[in-house]
2 protein chains.
Amino acid sequence: MPSIKDVADLAGVAVGTVSRVINNHISVKAETREKVKAAIQQLGYIPNEVARNFKMQKSKMVALLLPSIWNPFFSELAYYIEDELDREGFKLILCNSGGKPDKELYYIDMLNQNKVAGIVGITYNDIEDSVSTDIPIVSIDRHFAKKITCVTSDNYAGGRIALRELVKAGAKKPAFLGAVTSVYSETMLRRKGFVDEAEAQGIEYIVYEESDPIIDDNKYFGNFFKVKEHRDVDGIFAITDIFAAKYIDRAKAYGIRTPEDVKVIGYDGIQDNQLFHPILSTIRQPVEEMARTSVKLLLRKIEDETLEQETYRIPVIYRAGETT
Amino acid sequence: MPSIKDVADLAGVAVGTVSRVINNHISVKAETREKVKAAIQQLGYIPNEVARNFKMQKSKMVALLLPSIWNPFFSELAYYIEDELDREGFKLILCNSGGKPDKELYYIDMLNQNKVAGIVGITYNDIEDSVSTDIPIVSIDRHFAKKITCVTSDNYAGGRIALRELVKAGAKKPAFLGAVTSVYSETMLRRKGFVDEAEAQGIEYIVYEESDPIIDDNKYFGNFFKVKEHRDVDGIFAITDIFAAKYIDRAKAYGIRTPEDVKVIGYDGIQDNQLFHPILSTIRQPVEEMARTSVKLLLRKIEDETLEQETYRIPVIYRAGETT
């Protein structure tokens, strides 16, 4: 394959001149431009995109940081994010950063050096110190103090709806099952909505949480069921669908049946719910809208636009299954 | 941020000389080298990786082509592929190419131009005409005539095991439920193993297939159950777990219960199976091993090594659930 050097030699100009012609610089004389174009054509030279990036310092790559693509909610999110980026001519670099903060910092470094155009996703690090304001990052669920745009589902409304639906289904002693992240996350509002609504209704409730990430489910549920009063719980709002499904499974071992003894509501609305036994009642996140909104906002930030809001909360809906 | 031009100006040399110093070219005089290094240090210049790629023509990006990351089997595969690439210092570009052959051809073009170092994944195009032999592509499940390395689970053995397990569970009239791809795929051996084993055992069997991709499940199962003799089937080997779970769901509408009336075995062994109702019996693909093997082979091809085999088939295991 001919190189830019070959083109320069044939045209009798410097490599830099060839580069300026390729990038439509106005500083090249018409005569020289024609000579270079003729040489490009004669040799069948293909301008290298890496080289072009080098000159123009614009990357068409966006990094997606997720704890794990293996999680069904994240894989749905990634699907729509890739689709939206593709429409706009951007490529997606995928990074499973769960439990590996260095991987996130690597991409923030790439961003600071213009090697990726932007970052979208769920970050665990407190990245505020590493980035300047208005940098093209869109965070999903995580909310930072500086101007990092955040796209999230309306977790607080989701929590309130969940409590109301549990009560409507007959629960007298509902519990929230969650995990607490070290960095502030919008997902914590699921608990807050649940608690606020229970207090507004004057209903006794339980909150059970361990530190995120939950590595060992068995231990988590073992700890939960060890507490005797947890076994009388007759309503569960779990922080994710997978958590809800696992609760149902583990509760069976204690003779607790769903929905006869306990009503259960999850959060996410992942596609596989339809195949679960029983089919989960859940708060459905608007995944496609969250994904496409994140990309649209990111591209506006890449273009140096100032956004109207810092946090974009997208409404959720309640989807009844067989567990309430 | 200082540019390479700033370094060149300060050191009083050409940009190309700075580049040669950065890339440890031997053709630079010791004295010049020291001048350039001093300028780099004085300005705090960070060599740009894009620029370095430009000079060295080596990309550290690998493209992963999948029909859809949303599929639970593919997202597990992607998880381990990203993990293995990360260990080796490569980044993963994710592309959902399902139903969009142009997206695959785009990456093959990128590969031909050295903009990505390699491609791994599941391709739908007959890409043989677009690539030269020994190009760094590792195909999963798809088998091409030219030297494109293929990593796959032992689909044929999986098909035989499935038939044997159905018979062992009491099935007298088993059926295979599948989808036929236009390009030759190793997954077709699932049917072949099933058929060969049935014929070896002298057992009546049914094969039902429609063209891949199956866009409308309802139509597929509607067509299947329309045929009266399909309702007497007492064993199902479905080409994927999701297919098996959907069959079980649709069969209920015809009063066909699993496992009382029909035994069902899927293929894949996706994590969510444990939450399905009932828990699927399945042929488990060694996903992690397939993913890591694919990456290891790809990296060897990137290094221009000649591989011993064209097809690497990794053994499967049968995992009993509640459907047999």
# chains A, B, ... in the order shown; residues from 1 in each chain; ligands from 1

call {"tool": "closest_atom_pairs", "arguments": {"of": "chain A", "to": "chain B", "cutoff": "7 Å", "atoms": "only C-alpha atoms", "output": "JSON lines"}}
result
{"residue": "A:Val50", "atom": "CA", "partner": "B:Phe54", "partner_atom": "CA", "distance": 5.9}
{"residue": "A:Ala51", "atom": "CA", "partner": "B:Phe54", "partner_atom": "CA", "distance": 5.3}
{"residue": "A:Phe54", "atom": "CA", "partner": "B:Ala51", "partner_atom": "CA", "distance": 5.4}
{"residue": "A:Ser68", "atom": "CA", "partner": "B:Tyr79", "partner_atom": "CA", "distance": 6.9}
{"residue": "A:Ile69", "atom": "CA", "partner": "B:Tyr79", "partner_atom": "CA", "distance": 5.8}
{"residue": "A:Trp70", "atom": "CA", "partner": "B:Glu76", "partner_atom": "CA", "distance": 5.0}
{"residue": "A:Pro72", "atom": "CA", "partner": "B:Pro72", "partner_atom": "CA", "distance": 6.8}
{"residue": "A:Ser75", "atom": "CA", "partner": "B:Trp70", "partner_atom": "CA", "distance": 5.0}
{"residue": "A:Glu76", "atom": "CA", "partner": "B:Trp70", "partner_atom": "CA", "distance": 5.0}
{"residue": "A:Tyr79", "atom": "CA", "partner": "B:Ile69", "partner_atom": "CA", "distance": 5.8}
{"residue": "A:Lys91", "atom": "CA", "partner": "B:Ile93", "partner_atom": "CA", "distance": 6.9}
{"residue": "A:Leu92", "atom": "CA", "partner": "B:Ile93", "partner_atom": "CA", "distance": 5.5}
{"residue": "A:Ile93", "atom": "CA", "partner": "B:Ile93", "partner_atom": "CA", "distance": 4.3}
{"residue": "A:Leu94", "atom": "CA", "partner": "B:Leu92", "partner_atom": "CA", "distance": 5.7}
{"residue": "A:Lys115", "atom": "CA", "partner": "B:Val50", "partner_atom": "CA", "distance": 6.9}
{"residue": "A:Ala245", "atom": "CA", "partner": "B:Leu275", "partner_atom": "CA", "distance": 6.6}
{"residue": "A:Leu275", "atom": "CA", "partner": "B:Phe276", "partner_atom": "CA", "distance": 5.4}
{"residue": "A:Phe276", "atom": "CA", "partner": "B:Phe276", "partner_atom": "CA", "distance": 4.1}
{"residue": "A:His277", "atom": "CA", "partner": "B:His277", "partner_atom": "CA", "distance": 4.4}

call {"tool": "residues_around", "arguments": {"residues": "Ile265 in chain A", "least_positions_apart": "6", "cutoff": "10 Å", "atoms": "only C-alpha atoms", "output": "list in words"}}
result
Ala162, Leu163, Glu165, Leu166, Phe176, Gly235, Ile236, Phe237, Ala238, Ile239, Thr240, Asp241, Phe243, Ala244, Ala245, Leu280, Ser281, Thr282, Ile283, Tyr318, Arg319, Ala320, Gly321, Glu322, Thr323 and Thr324 of chain A

call {"tool": "residues_around", "arguments": {"residues": "Glu209 in chain B", "least_positions_apart": "2", "cutoff": "12 Å", "atoms": "only C-alpha atoms", "output": "short mmCIF file (atom, residue, chain, number, x, y, z; two decimals) with all heavy atoms, in the first residue's frame"}}
result
data_model
loop_
_atom_site.label_atom_id
_atom_site.label_comp_id
_atom_site.auth_asym_id
_atom_site.auth_seq_id
_atom_site.Cartn_x
_atom_site.Cartn_y
_atom_site.Cartn_z
N ALA B 175 -38.16 -33.49 18.75
CA ALA B 175 -38.03 -32.55 17.64
C ALA B 175 -36.89 -31.57 17.90
O ALA B 175 -36.61 -31.21 19.04
CB ALA B 175 -39.33 -31.78 17.44
N PHE B 176 -36.28 -31.14 16.81
CA PHE B 176 -35.27 -30.09 16.86
C PHE B 176 -35.91 -28.79 16.38
O PHE B 176 -36.54 -28.76 15.33
CB PHE B 176 -34.08 -30.45 15.96
CG PHE B 176 -33.09 -29.33 15.80
CD1 PHE B 176 -32.17 -29.04 16.80
CD2 PHE B 176 -33.08 -28.53 14.65
CE1 PHE B 176 -31.26 -27.99 16.66
CE2 PHE B 176 -32.18 -27.49 14.50
CZ PHE B 176 -31.26 -27.22 15.51
N LEU B 177 -35.76 -27.72 17.15
CA LEU B 177 -36.29 -26.40 16.77
C LEU B 177 -35.12 -25.48 16.47
O LEU B 177 -34.32 -25.19 17.35
CB LEU B 177 -37.08 -25.78 17.92
CG LEU B 177 -38.47 -26.31 18.23
CD1 LEU B 177 -39.11 -25.44 19.31
CD2 LEU B 177 -39.35 -26.32 16.99
N GLY B 178 -35.04 -25.02 15.22
CA GLY B 178 -33.87 -24.22 14.86
C GLY B 178 -34.14 -23.07 13.92
O GLY B 178 -35.28 -22.72 13.63
N ALA B 179 -33.03 -22.48 13.48
CA ALA B 179 -33.08 -21.39 12.51
C ALA B 179 -31.88 -21.58 11.59
O ALA B 179 -30.79 -21.91 12.04
CB ALA B 179 -32.99 -20.06 13.22
N VAL B 180 -32.10 -21.39 10.29
CA VAL B 180 -31.04 -21.65 9.31
C VAL B 180 -30.41 -20.35 8.86
O VAL B 180 -31.10 -19.46 8.36
CB VAL B 180 -31.61 -22.38 8.07
CG1 VAL B 180 -30.47 -22.77 7.13
CG2 VAL B 180 -32.41 -23.60 8.48
N THR B 181 -29.09 -20.23 9.02
CA THR B 181 -28.39 -19.03 8.57
C THR B 181 -28.02 -19.18 7.09
O THR B 181 -27.87 -20.29 6.59
CB THR B 181 -27.10 -18.82 9.39
OG1 THR B 181 -26.35 -20.03 9.36
CG2 THR B 181 -27.43 -18.48 10.82
N MET B 188 -25.10 -25.11 12.95
CA MET B 188 -25.94 -26.08 12.23
C MET B 188 -25.62 -27.51 12.64
O MET B 188 -26.41 -28.41 12.45
CB MET B 188 -25.76 -25.92 10.72
CG MET B 188 -26.30 -24.60 10.20
SD MET B 188 -26.07 -24.46 8.41
CE MET B 188 -26.46 -22.71 8.18
N ARG B 191 -28.06 -29.43 14.92
CA ARG B 191 -29.10 -30.27 14.30
C ARG B 191 -28.49 -31.59 13.82
O ARG B 191 -29.05 -32.64 14.03
CB ARG B 191 -29.72 -29.54 13.10
CG ARG B 191 -30.76 -30.40 12.41
CD ARG B 191 -31.14 -29.84 11.05
NE ARG B 191 -29.95 -29.71 10.21
CZ ARG B 191 -29.88 -28.98 9.11
NH1 ARG B 191 -30.93 -28.28 8.72
NH2 ARG B 191 -28.77 -28.93 8.41
N ILE B 206 -38.33 -35.13 14.42
CA ILE B 206 -38.81 -34.04 13.58
C ILE B 206 -37.76 -32.93 13.60
O ILE B 206 -37.17 -32.65 14.64
CB ILE B 206 -40.16 -33.51 14.11
CG1 ILE B 206 -41.27 -34.52 13.76
CG2 ILE B 206 -40.49 -32.12 13.56
CD1 ILE B 206 -42.58 -34.25 14.45
N VAL B 207 -37.55 -32.29 12.44
CA VAL B 207 -36.71 -31.10 12.38
C VAL B 207 -37.57 -29.94 11.91
O VAL B 207 -38.22 -30.05 10.87
CB VAL B 207 -35.51 -31.30 11.43
CG1 VAL B 207 -34.85 -29.96 11.10
CG2 VAL B 207 -34.50 -32.26 12.03
N SER B 211 -35.83 -19.44 8.51
CA SER B 211 -34.61 -18.68 8.20
C SER B 211 -34.23 -17.73 9.33
O SER B 211 -35.08 -17.04 9.88
CB SER B 211 -34.81 -17.85 6.93
OG SER B 211 -34.96 -18.70 5.85
N ASP B 212 -32.95 -17.72 9.61
CA ASP B 212 -32.41 -16.80 10.60
C ASP B 212 -32.22 -15.43 9.94
O ASP B 212 -31.85 -15.36 8.78
CB ASP B 212 -31.04 -17.35 11.07
CG ASP B 212 -30.45 -16.57 12.21
OD1 ASP B 212 -30.96 -16.71 13.33
OD2 ASP B 212 -29.49 -15.81 11.98
N PRO B 213 -32.37 -14.28 10.62
CA PRO B 213 -32.85 -14.19 12.01
C PRO B 213 -34.37 -14.31 12.13
O PRO B 213 -35.09 -13.91 11.22
CB PRO B 213 -32.41 -12.77 12.40
CG PRO B 213 -32.43 -11.99 11.12
CD PRO B 213 -32.09 -12.95 10.03
N ILE B 214 -34.79 -14.89 13.24
CA ILE B 214 -36.22 -14.99 13.54
C ILE B 214 -36.65 -13.64 14.12
O ILE B 214 -36.29 -13.31 15.25
CB ILE B 214 -36.49 -16.11 14.58
CG1 ILE B 214 -35.89 -17.45 14.14
CG2 ILE B 214 -37.99 -16.24 14.86
CD1 ILE B 214 -36.46 -18.09 12.90
N TYR B 220 -43.19 -17.66 14.39
CA TYR B 220 -42.42 -18.91 14.33
C TYR B 220 -43.15 -20.04 15.06
O TYR B 220 -43.39 -21.10 14.52
CB TYR B 220 -41.03 -18.68 14.93
CG TYR B 220 -40.13 -19.90 14.95
CD1 TYR B 220 -39.21 -20.12 13.93
CD2 TYR B 220 -40.19 -20.82 16.00
CE1 TYR B 220 -38.37 -21.23 13.95
CE2 TYR B 220 -39.36 -21.94 16.03
CZ TYR B 220 -38.45 -22.14 15.00
OH TYR B 220 -37.64 -23.26 15.03
N PHE B 221 -43.53 -19.74 16.32
CA PHE B 221 -44.19 -20.79 17.10
C PHE B 221 -45.61 -21.04 16.61
O PHE B 221 -46.12 -22.16 16.67
CB PHE B 221 -44.12 -20.47 18.60
CG PHE B 221 -42.74 -20.64 19.16
CD1 PHE B 221 -41.95 -19.54 19.45
CD2 PHE B 221 -42.22 -21.90 19.36
CE1 PHE B 221 -40.66 -19.69 19.95
CE2 PHE B 221 -40.93 -22.07 19.85
CZ PHE B 221 -40.14 -20.96 20.15
N ASN B 223 -46.50 -20.98 13.45
CA ASN B 223 -46.30 -21.90 12.32
C ASN B 223 -46.02 -23.32 12.80
O ASN B 223 -46.54 -24.29 12.26
CB ASN B 223 -45.11 -21.45 11.46
CG ASN B 223 -45.41 -20.17 10.70
OD1 ASN B 223 -46.57 -19.80 10.52
ND2 ASN B 223 -44.36 -19.49 10.25
N PHE B 224 -45.20 -23.40 13.84
CA PHE B 224 -44.83 -24.72 14.35
C PHE B 224 -46.06 -25.48 14.89
O PHE B 224 -46.30 -26.63 14.53
CB PHE B 224 -43.77 -24.59 15.45
CG PHE B 224 -43.40 -25.89 16.09
CD1 PHE B 224 -42.55 -26.78 15.44
CD2 PHE B 224 -43.90 -26.25 17.34
CE1 PHE B 224 -42.20 -28.00 16.01
CE2 PHE B 224 -43.56 -27.47 17.93
CZ PHE B 224 -42.71 -28.35 17.26
N PHE B 237 -35.38 -30.25 21.47
CA PHE B 237 -34.03 -29.71 21.58
C PHE B 237 -34.05 -28.39 20.81
O PHE B 237 -34.21 -28.39 19.59
CB PHE B 237 -32.99 -30.68 21.00
CG PHE B 237 -31.60 -30.10 20.91
CD1 PHE B 237 -31.07 -29.33 21.95
CD2 PHE B 237 -30.81 -30.34 19.79
CE1 PHE B 237 -29.78 -28.80 21.87
CE2 PHE B 237 -29.51 -29.82 19.70
CZ PHE B 237 -29.00 -29.04 20.74
N ALA B 238 -33.95 -27.29 21.54
CA ALA B 238 -34.03 -25.97 20.92
C ALA B 238 -32.62 -25.43 20.72
O ALA B 238 -31.73 -25.65 21.54
CB ALA B 238 -34.85 -25.02 21.77
N ILE B 239 -32.43 -24.69 19.64
CA ILE B 239 -31.09 -24.24 19.23
C ILE B 239 -30.45 -23.25 20.20
O ILE B 239 -29.23 -23.12 20.25
CB ILE B 239 -31.13 -23.70 17.78
CG1 ILE B 239 -29.73 -23.56 17.19
CG2 ILE B 239 -31.92 -22.39 17.70
CD1 ILE B 239 -29.68 -23.51 15.68
N PHE B 243 -34.79 -19.72 23.00
CA PHE B 243 -35.74 -20.43 22.16
C PHE B 243 -36.49 -21.51 22.97
O PHE B 243 -37.68 -21.67 22.83
CB PHE B 243 -34.99 -21.10 21.01
CG PHE B 243 -35.40 -20.61 19.67
CD1 PHE B 243 -35.25 -19.27 19.34
CD2 PHE B 243 -35.97 -21.46 18.74
CE1 PHE B 243 -35.63 -18.80 18.11
CE2 PHE B 243 -36.36 -21.00 17.50
CZ PHE B 243 -36.20 -19.67 17.18
#

call {"tool": "select_by_dssp", "arguments": {"residues": "range 112-289 of chain B", "states": "helix (DSSP H, G or I)", "output": "number ranges by chain"}}
result
B: 112, 127-130, 155-168, 188-201, 217-226, 228-232, 241-252, 271-275, 287-289

call {"tool": "residues_around", "arguments": {"residues": "Glu199 in chain A", "least_positions_apart": "6", "cutoff": "12 Å", "atoms": "only C-alpha atoms", "output": "list in words"}}
result
Arg160, Leu163, Arg164, Pro174, Lys192, Gly193, Tyr205 and Ile206 of chain A

call {"tool": "residues_around", "arguments": {"residues": "range 12-22 of chain B", "least_positions_apart": "6", "cutoff": "7 Å", "atoms": "only C-alpha atoms", "output": "count of residues only"}}
result
5

call {"tool": "residues_around", "arguments": {"residues": "Thr311 in chain B", "least_positions_apart": "2", "cutoff": "6 Å", "atoms": "only C-alpha atoms", "output": "PDB file with N, CA and C atoms, in the first residue's frame"}}
result
ATOM      1  N   THR B 149      -9.656 -18.357  11.099  1.00  0.00           N
ATOM      2  CA  THR B 149      -9.720 -19.241  12.258  1.00  0.00           C
ATOM      3  C   THR B 149     -11.107 -19.184  12.875  1.00  0.00           C
ATOM      4  N   CYS B 150     -11.590 -20.332  13.295  1.00  0.00           N
ATOM      5  CA  CYS B 150     -12.932 -20.392  13.893  1.00  0.00           C
ATOM      6  C   CYS B 150     -12.869 -21.040  15.269  1.00  0.00           C
ATOM      7  N   VAL B 151     -13.481 -20.388  16.243  1.00  0.00           N
ATOM      8  CA  VAL B 151     -13.592 -20.954  17.592  1.00  0.00           C
ATOM      9  C   VAL B 151     -15.070 -21.222  17.843  1.00  0.00           C
ATOM     10  N   GLN B 309      -4.399 -25.063  13.715  1.00  0.00           N
ATOM     11  CA  GLN B 309      -5.691 -25.554  13.255  1.00  0.00           C
ATOM     12  C   GLN B 309      -6.488 -24.421  12.622  1.00  0.00           C
TER      13      GLN B 309
END
